[in-house]
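Next up, protein12.tsv (TSV, C-alpha atoms):
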chain	number	residue	atom	x	y	z
A	346	GLY	CA	108.93	160.13	141.02
A	347	GLN	CA	107.79	157.00	139.24
A	348	SER	CA	110.24	154.09	139.18
A	349	ARG	CA	111.56	153.20	135.74
A	350	HIS	CA	111.89	149.64	134.45
A	351	VAL	CA	115.42	148.70	133.45
A	352	TRP	CA	114.96	145.24	131.92
A	353	GLN	CA	111.87	143.47	130.65
A	354	ALA	CA	111.70	139.71	130.09
A	355	GLU	CA	109.26	137.91	127.82
A	356	MET	CA	109.07	134.11	127.82
A	357	GLY	CA	107.38	132.11	125.09
A	358	ARG	CA	105.38	128.93	125.40
A	359	VAL	CA	106.82	125.99	127.35
A	360	ARG	CA	105.87	122.44	126.32
A	361	LEU	CA	106.52	119.42	128.55
A	362	ARG	CA	106.06	115.68	128.04
A	363	GLN	CA	106.88	112.95	130.52
A	364	GLY	CA	106.52	109.23	130.72
A	365	ALA	CA	107.48	106.12	132.66
A	366	PHE	CA	108.78	102.93	131.07
A	367	GLN	CA	108.47	99.28	132.01
A	368	ASP	CA	112.18	99.01	132.84
A	369	GLY	CA	111.75	101.52	135.69
A	370	SER	CA	113.19	104.57	133.96
A	371	ARG	CA	111.42	107.94	133.66
A	372	ARG	CA	111.88	110.61	131.05
A	373	MET	CA	110.79	114.22	130.62
A	374	LYS	CA	111.17	116.27	127.46
A	375	GLY	CA	110.62	120.00	127.26
A	376	VAL	CA	110.77	122.91	124.84
A	377	LEU	CA	111.09	126.62	125.53
A	378	GLU	CA	110.01	128.32	122.34
A	379	SER	CA	111.50	131.74	123.04
A	380	PHE	CA	112.92	134.04	125.69
A	381	ARG	CA	113.66	137.72	125.19
A	382	VAL	CA	115.16	140.36	127.44
A	383	SER	CA	114.80	144.04	126.53
A	384	ASP	CA	116.56	147.10	127.93
A	385	THR	CA	114.15	150.00	128.48
A	386	SER	CA	116.40	152.24	130.57
A	387	CYS	CA	117.85	154.08	127.57
A	388	PRO	CA	115.17	155.28	125.08
A	389	GLU	CA	117.79	156.42	122.54
A	390	SER	CA	119.50	153.00	122.45
A	391	VAL	CA	119.76	151.28	119.08
A	392	HIS	CA	120.25	147.95	120.86
A	393	PRO	CA	117.06	147.45	122.88
A	394	GLN	CA	117.22	143.63	122.72
A	395	LEU	CA	119.75	142.17	125.15
A	396	LEU	CA	118.71	138.57	124.55
A	397	THR	CA	116.73	137.26	121.63
A	398	MET	CA	116.98	134.49	119.04
A	399	ALA	CA	117.33	134.06	115.30
A	400	ASP	CA	114.15	134.57	113.25
A	401	ASN	CA	114.38	131.12	111.67
A	402	CYS	CA	114.86	129.32	115.01
A	403	GLU	CA	112.05	126.87	115.85
A	404	ALA	CA	112.75	126.78	119.60
A	405	LEU	CA	115.35	128.43	121.80
A	406	VAL	CA	115.84	125.58	124.27
A	407	LYS	CA	115.12	121.85	124.10
A	408	PHE	CA	115.90	119.60	127.03
A	409	GLU	CA	115.50	116.01	128.16
A	410	LEU	CA	115.78	114.65	131.70
A	411	SER	CA	116.01	110.93	132.42
A	412	GLN	CA	116.07	108.91	135.62
A	413	ASN	CA	117.34	105.41	135.11
A	414	ASP	CA	116.66	102.39	137.28
A	415	MET	CA	119.52	99.97	137.91
A	416	THR	CA	117.73	97.44	135.71
A	417	ALA	CA	116.98	99.95	132.95
A	418	VAL	CA	117.70	98.85	129.40
A	419	HIS	CA	119.05	102.32	128.53
A	420	ALA	CA	122.16	103.46	130.45
A	421	PRO	CA	121.70	101.60	133.77
A	422	GLU	CA	125.20	102.68	134.85
A	423	VAL	CA	124.10	106.28	135.53
A	424	ALA	CA	121.30	107.46	137.78
A	425	SER	CA	120.32	110.47	135.68
A	426	GLU	CA	120.90	112.01	132.28
A	427	ILE	CA	120.50	115.65	131.26
A	428	THR	CA	120.55	116.79	127.65
A	429	VAL	CA	120.15	120.47	126.78
A	430	SER	CA	120.19	122.06	123.33
A	431	ILE	CA	120.28	125.86	123.01
A	432	ASN	CA	119.63	127.13	119.50
A	433	GLN	CA	120.89	130.40	118.02
A	434	PRO	CA	120.60	132.78	120.97
A	435	GLN	CA	121.63	136.35	120.18
A	436	ILE	CA	123.16	138.25	123.10
A	437	THR	CA	124.05	141.94	123.17
A	438	VAL	CA	126.60	142.95	125.80
A	439	LEU	CA	126.59	146.61	126.82
A	440	PHE	CA	129.21	147.92	129.24
A	441	ARG	CA	126.62	149.81	131.28
A	442	MET	CA	124.63	146.57	131.56
A	443	ILE	CA	127.67	144.92	133.18
A	444	ASN	CA	127.88	147.77	135.67
A	445	GLN	CA	124.16	147.45	136.46
A	446	MET	CA	124.47	143.68	137.02
A	447	SER	CA	127.53	144.13	139.24
A	448	ALA	CA	125.75	146.71	141.38
A	449	TYR	CA	122.68	144.48	141.63
A	450	ALA	CA	124.72	141.41	142.59
A	451	ALA	CA	126.58	143.40	145.25
A	452	LEU	CA	123.29	143.90	147.12
A	453	PHE	CA	123.12	140.16	147.84
A	454	SER	CA	126.80	139.29	148.27
A	455	LYS	CA	126.94	139.61	152.06
A	456	THR	CA	123.72	137.66	152.59
A	457	SER	CA	124.82	134.92	150.20
A	458	ASP	CA	128.21	134.55	151.87
A	459	GLN	CA	126.58	134.20	155.27
A	460	ASN	CA	124.11	131.61	153.96
A	461	VAL	CA	126.92	129.55	152.47
A	462	THR	CA	128.87	129.67	155.74
A	463	ASP	CA	125.81	128.58	157.74
A	464	THR	CA	125.07	125.75	155.32
A	465	ILE	CA	128.62	124.40	155.50
A	466	ALA	CA	128.58	124.59	159.30
A	467	GLU	CA	125.28	122.72	159.58
A	468	LYS	CA	125.90	120.07	156.93
A	469	PRO	CA	126.91	116.73	158.49
A	470	SER	CA	129.97	115.05	157.06
A	471	SER	CA	129.50	111.84	155.17
A	472	SER	CA	131.98	109.52	153.51
A	473	ARG	CA	129.35	107.26	152.02
A	474	HIS	CA	129.44	107.13	148.22
A	475	ASP	CA	126.45	106.29	146.07
A	476	GLU	CA	127.78	104.37	143.10
A	477	ARG	CA	124.84	105.47	140.99
A	478	SER	CA	124.75	109.12	142.04
A	479	SER	CA	126.50	110.10	138.82
A	480	VAL	CA	124.78	112.30	136.25
A	481	ARG	CA	125.54	112.21	132.54
A	482	VAL	CA	125.34	115.68	131.00
A	483	LYS	CA	125.35	116.85	127.39
A	484	ILE	CA	124.94	120.53	126.50
A	485	SER	CA	124.86	121.77	122.91
A	486	LEU	CA	124.91	125.39	121.82
A	487	HIS	CA	124.16	125.99	118.16
A	488	HIS	CA	125.63	129.23	116.82
A	489	PRO	CA	125.15	131.60	119.75
A	490	VAL	CA	125.95	135.15	118.62
A	491	VAL	CA	127.45	137.71	120.99
A	492	MET	CA	127.36	141.37	119.95
A	493	VAL	CA	129.52	143.94	121.75
A	494	PRO	CA	128.57	147.44	120.50
A	495	ARG	CA	130.81	150.45	120.98
A	496	SER	CA	127.95	152.08	122.90
A	497	SER	CA	124.17	151.96	123.24
A	498	THR	CA	123.75	154.50	120.44
A	499	SER	CA	126.40	153.14	118.05
A	500	LEU	CA	125.89	150.55	115.32
A	501	GLU	CA	129.61	149.74	115.33
A	502	ALA	CA	130.26	146.49	117.14
A	503	TYR	CA	132.23	143.30	117.48
A	504	ALA	CA	130.20	140.23	116.55
A	505	ALA	CA	131.23	136.75	117.64
A	506	ASP	CA	129.46	133.72	116.19
A	507	LEU	CA	130.57	131.02	118.62
A	508	GLY	CA	129.71	128.25	116.17
A	509	SER	CA	128.76	124.84	117.53
A	510	ILE	CA	129.77	124.16	121.13
A	511	GLU	CA	129.32	120.80	122.80
A	512	VAL	CA	130.03	120.03	126.45
A	513	GLN	CA	129.60	116.49	127.76
A	514	ASN	CA	130.95	114.15	130.37
A	515	THR	CA	131.90	110.49	130.39
A	516	ILE	CA	131.17	108.52	133.54
A	517	ALA	CA	133.56	105.79	134.64
A	518	VAL	CA	132.10	102.29	134.94
A	519	GLY	CA	130.34	101.98	138.29
A	520	GLY	CA	130.24	105.77	138.72
A	521	ALA	CA	132.84	105.69	141.49
A	522	GLY	CA	135.90	106.65	139.46
A	523	SER	CA	136.93	109.80	137.68
A	524	SER	CA	134.68	111.62	135.23
A	525	GLU	CA	135.93	113.15	132.01
A	526	TRP	CA	134.53	116.37	130.55
A	527	THR	CA	135.09	117.30	126.93
A	528	VAL	CA	134.41	120.64	125.23
A	529	GLY	CA	134.26	120.89	121.46
A	530	LEU	CA	134.14	124.07	119.38
A	531	LYS	CA	133.49	124.26	115.64
A	532	GLU	CA	133.16	127.07	113.11
A	533	MET	CA	133.62	130.03	115.42
A	534	LYS	CA	134.19	133.41	113.79
A	535	LEU	CA	134.78	136.97	114.94
A	536	GLU	CA	133.84	140.04	112.91
A	537	THR	CA	133.73	143.80	113.20
A	538	VAL	CA	130.50	145.54	112.14
A	539	ALA	CA	130.75	149.05	110.73
A	540	GLY	CA	128.08	151.69	111.27
A	541	HIS	CA	126.74	151.18	107.73
A	542	GLY	CA	126.50	147.41	108.22
A	543	GLN	CA	129.66	146.21	106.46
A	544	ARG	CA	131.27	143.22	108.19
A	545	THR	CA	134.98	142.47	108.27
A	546	ALA	CA	136.18	139.06	109.42
A	547	LEU	CA	138.92	138.95	112.04
A	548	LEU	CA	138.77	135.18	112.64
A	549	GLU	CA	137.00	132.46	110.67
A	550	ASN	CA	136.44	128.71	111.01
A	551	VAL	CA	138.06	128.41	114.42
A	552	ASN	CA	137.89	124.85	115.74
A	553	GLY	CA	139.18	123.46	118.99
A	554	GLY	CA	138.56	121.31	122.01
A	555	ALA	CA	139.56	120.65	125.58
A	556	LYS	CA	139.41	117.76	128.02
A	557	LEU	CA	139.15	117.89	131.80
A	558	VAL	CA	139.47	114.87	134.08
A	559	MET	CA	137.90	115.20	137.52
A	560	THR	CA	138.89	112.75	140.25
A	561	PRO	CA	136.67	112.38	143.35
A	562	PHE	CA	138.01	113.28	146.77
A	563	VAL	CA	138.97	110.36	148.96
Would you encode the structure as structure tokens?
Amino acid sequence: GQSRHVWQAEMGRVRLRQGAFQDGSRRMKGVLESFRVSDTSCPESVHPQLLTMADNCEALVKFELSQNDMTAVHAPEVASEITVSINQPQITVLFRMINQMSAYAALFSKTSDQNVTDTIAEKPSSSRHDERSSVRVKISLHHPVVMVPRSSTSLEAYAADLGSIEVQNTIAVGGAGSSEWTVGLKEMKLETVAGHGQRTALLENVNGGAKLVMTPFV
């Protein structure tokens, strides 16, 4: 018989701008306007959109990549900077989708493990450290919403608005010391959604943070 599509992906327009500066640094900015993933394997599903975005969202992803020269005016202590902003993605998690992804990933597990083993065996050891090999990273997620329905055909669900999440690192002077990663969470809330649309809050205005210090191997 004819094969049936399970997921369909639709990507919106991508805009890129790049430039070079007199101090030797380079910068690229980009925007991904939208990205949607639909589930077509279950015609009776009331949750066909697995990944979409809020209607009032201007762009789903904005990013900026910078390469800095040692004499650069802006951040000469780091070789590269990556800034990513993800705005109001809406994700629906179905239990059968998890099973499908697990089965799909299992097809490649043996090949991937062998490739990793071969790569480690072939890679020459090196103790040389590049003092400017460090990368400064900042990732912002603005109110991602995760929906977990009872089933594909049920409107009852758990809805988690993860609020504002920021992940960033701090590079030690010279780039050769430890790096510190911080995670901040603001205004997270968890609700239940009844079949007729009524929402009941389980958690509201949850704020928190964490810090992780990573020390390089000697």
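Between atom CA of A:Ala504 and atom CA of A:Leu396 the interatomic distance comes to 14.1 Å.
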Distance criterion (only C-alpha atoms): nearest to A:Arg358 out of A:Asn444, A:Ser379, A:Asn550, A:Gln543
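Of A:Asn444, A:Ser379, A:Asn550, A:Gln543, the one nearest A:Arg358, counting only C-alpha atoms, is A:Ser379.
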I need the residue nearest A:Val480 from this list: A:Ile443, A:Gln513, A:Thr437, A:Leu377. Use all atoms listed in the file for the distance.
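Among the listed residues, A:Gln513 lies closest to A:Val480.
Between A:Gly529 and the residues A:Val490, A:Ile484, A:Leu547, A:Ala399, the shortest atom-to-atom distance, using all atoms listed in the file, involves A:Ile484.
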Within 7 Å of A:Val551 using all atoms listed in the file, minus same-chain residues under 6 positions, as a JSON list (two decimals) with C-alpha atoms, in the coordinates of the input:
[["chain", "number", "residue", "atom", "x", "y", "z"],
["A", 531, "LYS", "CA", 133.49, 124.26, 115.64],
["A", 532, "GLU", "CA", 133.16, 127.07, 113.11],
["A", 533, "MET", "CA", 133.62, 130.03, 115.42],
["A", 534, "LYS", "CA", 134.19, 133.41, 113.79]]
Which one of A:Ser386, A:Arg360, A:Gly553, A:Val423 sits closest to A:Lys374 if you count all atoms listed in the file?
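For A:Lys374, the nearest of the given residues is A:Arg360.
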For A:Asp384, which of A:Arg372, A:Asn401, A:Ile427, A:Leu439 is the closest residue, counting only C-alpha atoms?
A:Leu439
Any idea what's packed within 7 Å of A:Thr498, counting all atoms listed in the file, ignoring anything in its chain fewer than 5 positions away? Could you give it as a ChimeraX atom specification?
/A:389-391
Would you compute the distance between atom CA of A:Glu403 and atom CA of A:Glu355? Give it in Å to one decimal.
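Interatomic distance here is 16.5 Å.
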Counting all atoms listed in the file, what is within 10 Å of A:Leu395, bar same-chain residues fewer than 6 positions away, as a PDB file with C-alpha atoms, keeping the file's coordinate frame?
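To be explicit, this is the file written out as around_32.pdb:
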ATOM      1  CA  TRP A 352     114.960 145.240 131.920  1.00  0.00           C
ATOM      2  CA  GLN A 353     111.870 143.470 130.650  1.00  0.00           C
ATOM      3  CA  ALA A 354     111.700 139.710 130.090  1.00  0.00           C
ATOM      4  CA  ARG A 381     113.660 137.720 125.190  1.00  0.00           C
ATOM      5  CA  VAL A 382     115.160 140.360 127.440  1.00  0.00           C
ATOM      6  CA  SER A 383     114.800 144.040 126.530  1.00  0.00           C
ATOM      7  CA  ASP A 384     116.560 147.100 127.930  1.00  0.00           C
ATOM      8  CA  GLN A 435     121.630 136.350 120.180  1.00  0.00           C
ATOM      9  CA  ILE A 436     123.160 138.250 123.100  1.00  0.00           C
ATOM     10  CA  THR A 437     124.050 141.940 123.170  1.00  0.00           C
ATOM     11  CA  VAL A 438     126.600 142.950 125.800  1.00  0.00           C
ATOM     12  CA  LEU A 439     126.590 146.610 126.820  1.00  0.00           C
ATOM     13  CA  MET A 442     124.630 146.570 131.560  1.00  0.00           C
ATOM     14  CA  VAL A 491     127.450 137.710 120.990  1.00  0.00           C
ATOM     15  CA  MET A 492     127.360 141.370 119.950  1.00  0.00           C
TER      16      MET A 492
END
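Across the structure, atom CA of A:Gly375 and atom CA of A:Lys407 are spaced 5.8 Å apart.
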I need the residue nearest A:Val493 from this list: A:Ala546, A:Val512, A:Leu452, A:Val538. Use all atoms listed in the file for the distance.
A:Val538
List every protein, DNA or RNA residue that has at least one atom no more than 9 Å from (125.8, 112.2, 136.2) in the file's coordinates, counting all atoms listed in the file, and write the result as an mmCIF file with C-alpha atoms, keeping the file's coordinate frame.
data_model
loop_
_atom_site.group_PDB
_atom_site.id
_atom_site.type_symbol
_atom_site.label_atom_id
_atom_site.label_comp_id
_atom_site.auth_asym_id
_atom_site.auth_seq_id
_atom_site.Cartn_x
_atom_site.Cartn_y
_atom_site.Cartn_z
ATOM 1 C CA VAL A 423 124.100 106.280 135.530
ATOM 2 C CA ALA A 424 121.300 107.460 137.780
ATOM 3 C CA SER A 425 120.320 110.470 135.680
ATOM 4 C CA GLU A 426 120.900 112.010 132.280
ATOM 5 C CA ILE A 427 120.500 115.650 131.260
ATOM 6 C CA ARG A 477 124.840 105.470 140.990
ATOM 7 C CA SER A 478 124.750 109.120 142.040
ATOM 8 C CA SER A 479 126.500 110.100 138.820
ATOM 9 C CA VAL A 480 124.780 112.300 136.250
ATOM 10 C CA ARG A 481 125.540 112.210 132.540
ATOM 11 C CA VAL A 482 125.340 115.680 131.000
ATOM 12 C CA ASN A 514 130.950 114.150 130.370
ATOM 13 C CA THR A 515 131.900 110.490 130.390
ATOM 14 C CA ILE A 516 131.170 108.520 133.540
ATOM 15 C CA GLY A 520 130.240 105.770 138.720
ATOM 16 C CA SER A 524 134.680 111.620 135.230
#
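The neighbours of A:Pro489 here are the residues that come within 7 Å of it, using only C-alpha atoms and leaving out any residue fewer than 6 positions away in the same chain; they are A:Gln433, A:Pro434, A:Gln435, A:Asp506, A:Leu507, A:Gly508.
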Start from the incomplete input, build N, CA, C and O atoms for stretch 386-404 of chain A, and deliver everything as a PDB file, in the coordinates of the input.
ATOM      1  N   SER A 386     115.881 151.138 129.768  1.00  0.00           N
ATOM      2  CA  SER A 386     116.400 152.240 130.570  1.00  0.00           C
ATOM      3  C   SER A 386     116.990 153.359 129.727  1.00  0.00           C
ATOM      4  O   SER A 386     117.259 154.440 130.241  1.00  0.00           O
ATOM      5  N   CYS A 387     117.220 153.084 128.439  1.00  0.00           N
ATOM      6  CA  CYS A 387     117.850 154.080 127.570  1.00  0.00           C
ATOM      7  C   CYS A 387     117.017 154.213 126.294  1.00  0.00           C
ATOM      8  O   CYS A 387     117.211 153.448 125.340  1.00  0.00           O
ATOM      9  N   PRO A 388     116.075 155.167 126.233  1.00  0.00           N
ATOM     10  CA  PRO A 388     115.170 155.280 125.080  1.00  0.00           C
ATOM     11  C   PRO A 388     115.902 155.492 123.758  1.00  0.00           C
ATOM     12  O   PRO A 388     115.403 155.089 122.702  1.00  0.00           O
ATOM     13  N   GLU A 389     117.076 156.133 123.781  1.00  0.00           N
ATOM     14  CA  GLU A 389     117.790 156.420 122.540  1.00  0.00           C
ATOM     15  C   GLU A 389     118.671 155.256 122.079  1.00  0.00           C
ATOM     16  O   GLU A 389     119.360 155.355 121.064  1.00  0.00           O
ATOM     17  N   SER A 390     118.662 154.141 122.807  1.00  0.00           N
ATOM     18  CA  SER A 390     119.500 153.000 122.450  1.00  0.00           C
ATOM     19  C   SER A 390     119.062 152.375 121.134  1.00  0.00           C
ATOM     20  O   SER A 390     117.867 152.226 120.865  1.00  0.00           O
ATOM     21  N   VAL A 391     120.048 151.994 120.329  1.00  0.00           N
ATOM     22  CA  VAL A 391     119.760 151.280 119.080  1.00  0.00           C
ATOM     23  C   VAL A 391     119.909 149.771 119.279  1.00  0.00           C
ATOM     24  O   VAL A 391     119.829 149.003 118.324  1.00  0.00           O
ATOM     25  N   HIS A 392     120.125 149.365 120.523  1.00  0.00           N
ATOM     26  CA  HIS A 392     120.250 147.950 120.860  1.00  0.00           C
ATOM     27  C   HIS A 392     119.305 147.618 122.012  1.00  0.00           C
ATOM     28  O   HIS A 392     119.750 147.288 123.127  1.00  0.00           O
ATOM     29  N   PRO A 393     118.002 147.688 121.786  1.00  0.00           N
ATOM     30  CA  PRO A 393     117.060 147.450 122.880  1.00  0.00           C
ATOM     31  C   PRO A 393     116.965 145.988 123.306  1.00  0.00           C
ATOM     32  O   PRO A 393     116.570 145.698 124.434  1.00  0.00           O
ATOM     33  N   GLN A 394     117.330 145.053 122.410  1.00  0.00           N
ATOM     34  CA  GLN A 394     117.220 143.630 122.720  1.00  0.00           C
ATOM     35  C   GLN A 394     118.546 143.119 123.266  1.00  0.00           C
ATOM     36  O   GLN A 394     119.549 143.066 122.563  1.00  0.00           O
ATOM     37  N   LEU A 395     118.547 142.732 124.548  1.00  0.00           N
ATOM     38  CA  LEU A 395     119.750 142.170 125.150  1.00  0.00           C
ATOM     39  C   LEU A 395     119.866 140.680 124.900  1.00  0.00           C
ATOM     40  O   LEU A 395     120.964 140.140 124.782  1.00  0.00           O
ATOM     41  N   LEU A 396     118.739 140.005 124.838  1.00  0.00           N
ATOM     42  CA  LEU A 396     118.710 138.570 124.550  1.00  0.00           C
ATOM     43  C   LEU A 396     117.526 138.280 123.657  1.00  0.00           C
ATOM     44  O   LEU A 396     116.390 138.643 123.968  1.00  0.00           O
ATOM     45  N   THR A 397     117.799 137.665 122.535  1.00  0.00           N
ATOM     46  CA  THR A 397     116.730 137.260 121.630  1.00  0.00           C
ATOM     47  C   THR A 397     117.217 136.014 120.893  1.00  0.00           C
ATOM     48  O   THR A 397     118.140 135.342 121.337  1.00  0.00           O
ATOM     49  N   MET A 398     116.609 135.685 119.780  1.00  0.00           N
ATOM     50  CA  MET A 398     116.980 134.490 119.040  1.00  0.00           C
ATOM     51  C   MET A 398     116.808 134.752 117.554  1.00  0.00           C
ATOM     52  O   MET A 398     116.158 135.726 117.149  1.00  0.00           O
ATOM     53  N   ALA A 399     117.413 133.902 116.740  1.00  0.00           N
ATOM     54  CA  ALA A 399     117.330 134.060 115.300  1.00  0.00           C
ATOM     55  C   ALA A 399     115.887 133.881 114.820  1.00  0.00           C
ATOM     56  O   ALA A 399     115.112 133.113 115.397  1.00  0.00           O
ATOM     57  N   ASP A 400     115.529 134.609 113.757  1.00  0.00           N
ATOM     58  CA  ASP A 400     114.150 134.570 113.250  1.00  0.00           C
ATOM     59  C   ASP A 400     113.748 133.193 112.762  1.00  0.00           C
ATOM     60  O   ASP A 400     112.579 132.815 112.844  1.00  0.00           O
ATOM     61  N   ASN A 401     114.709 132.429 112.232  1.00  0.00           N
ATOM     62  CA  ASN A 401     114.380 131.120 111.670  1.00  0.00           C
ATOM     63  C   ASN A 401     114.511 129.988 112.687  1.00  0.00           C
ATOM     64  O   ASN A 401     114.481 128.816 112.335  1.00  0.00           O
ATOM     65  N   CYS A 402     114.664 130.333 113.971  1.00  0.00           N
ATOM     66  CA  CYS A 402     114.860 129.320 115.010  1.00  0.00           C
ATOM     67  C   CYS A 402     113.498 128.802 115.491  1.00  0.00           C
ATOM     68  O   CYS A 402     112.632 129.575 115.900  1.00  0.00           O
ATOM     69  N   GLU A 403     113.326 127.489 115.453  1.00  0.00           N
ATOM     70  CA  GLU A 403     112.050 126.870 115.850  1.00  0.00           C
ATOM     71  C   GLU A 403     111.817 126.962 117.347  1.00  0.00           C
ATOM     72  O   GLU A 403     110.710 127.227 117.813  1.00  0.00           O
ATOM     73  N   ALA A 404     112.861 126.732 118.137  1.00  0.00           N
ATOM     74  CA  ALA A 404     112.750 126.780 119.600  1.00  0.00           C
ATOM     75  C   ALA A 404     114.108 127.167 120.174  1.00  0.00           C
ATOM     76  O   ALA A 404     115.150 126.707 119.688  1.00  0.00           O
TER      77      ALA A 404
END
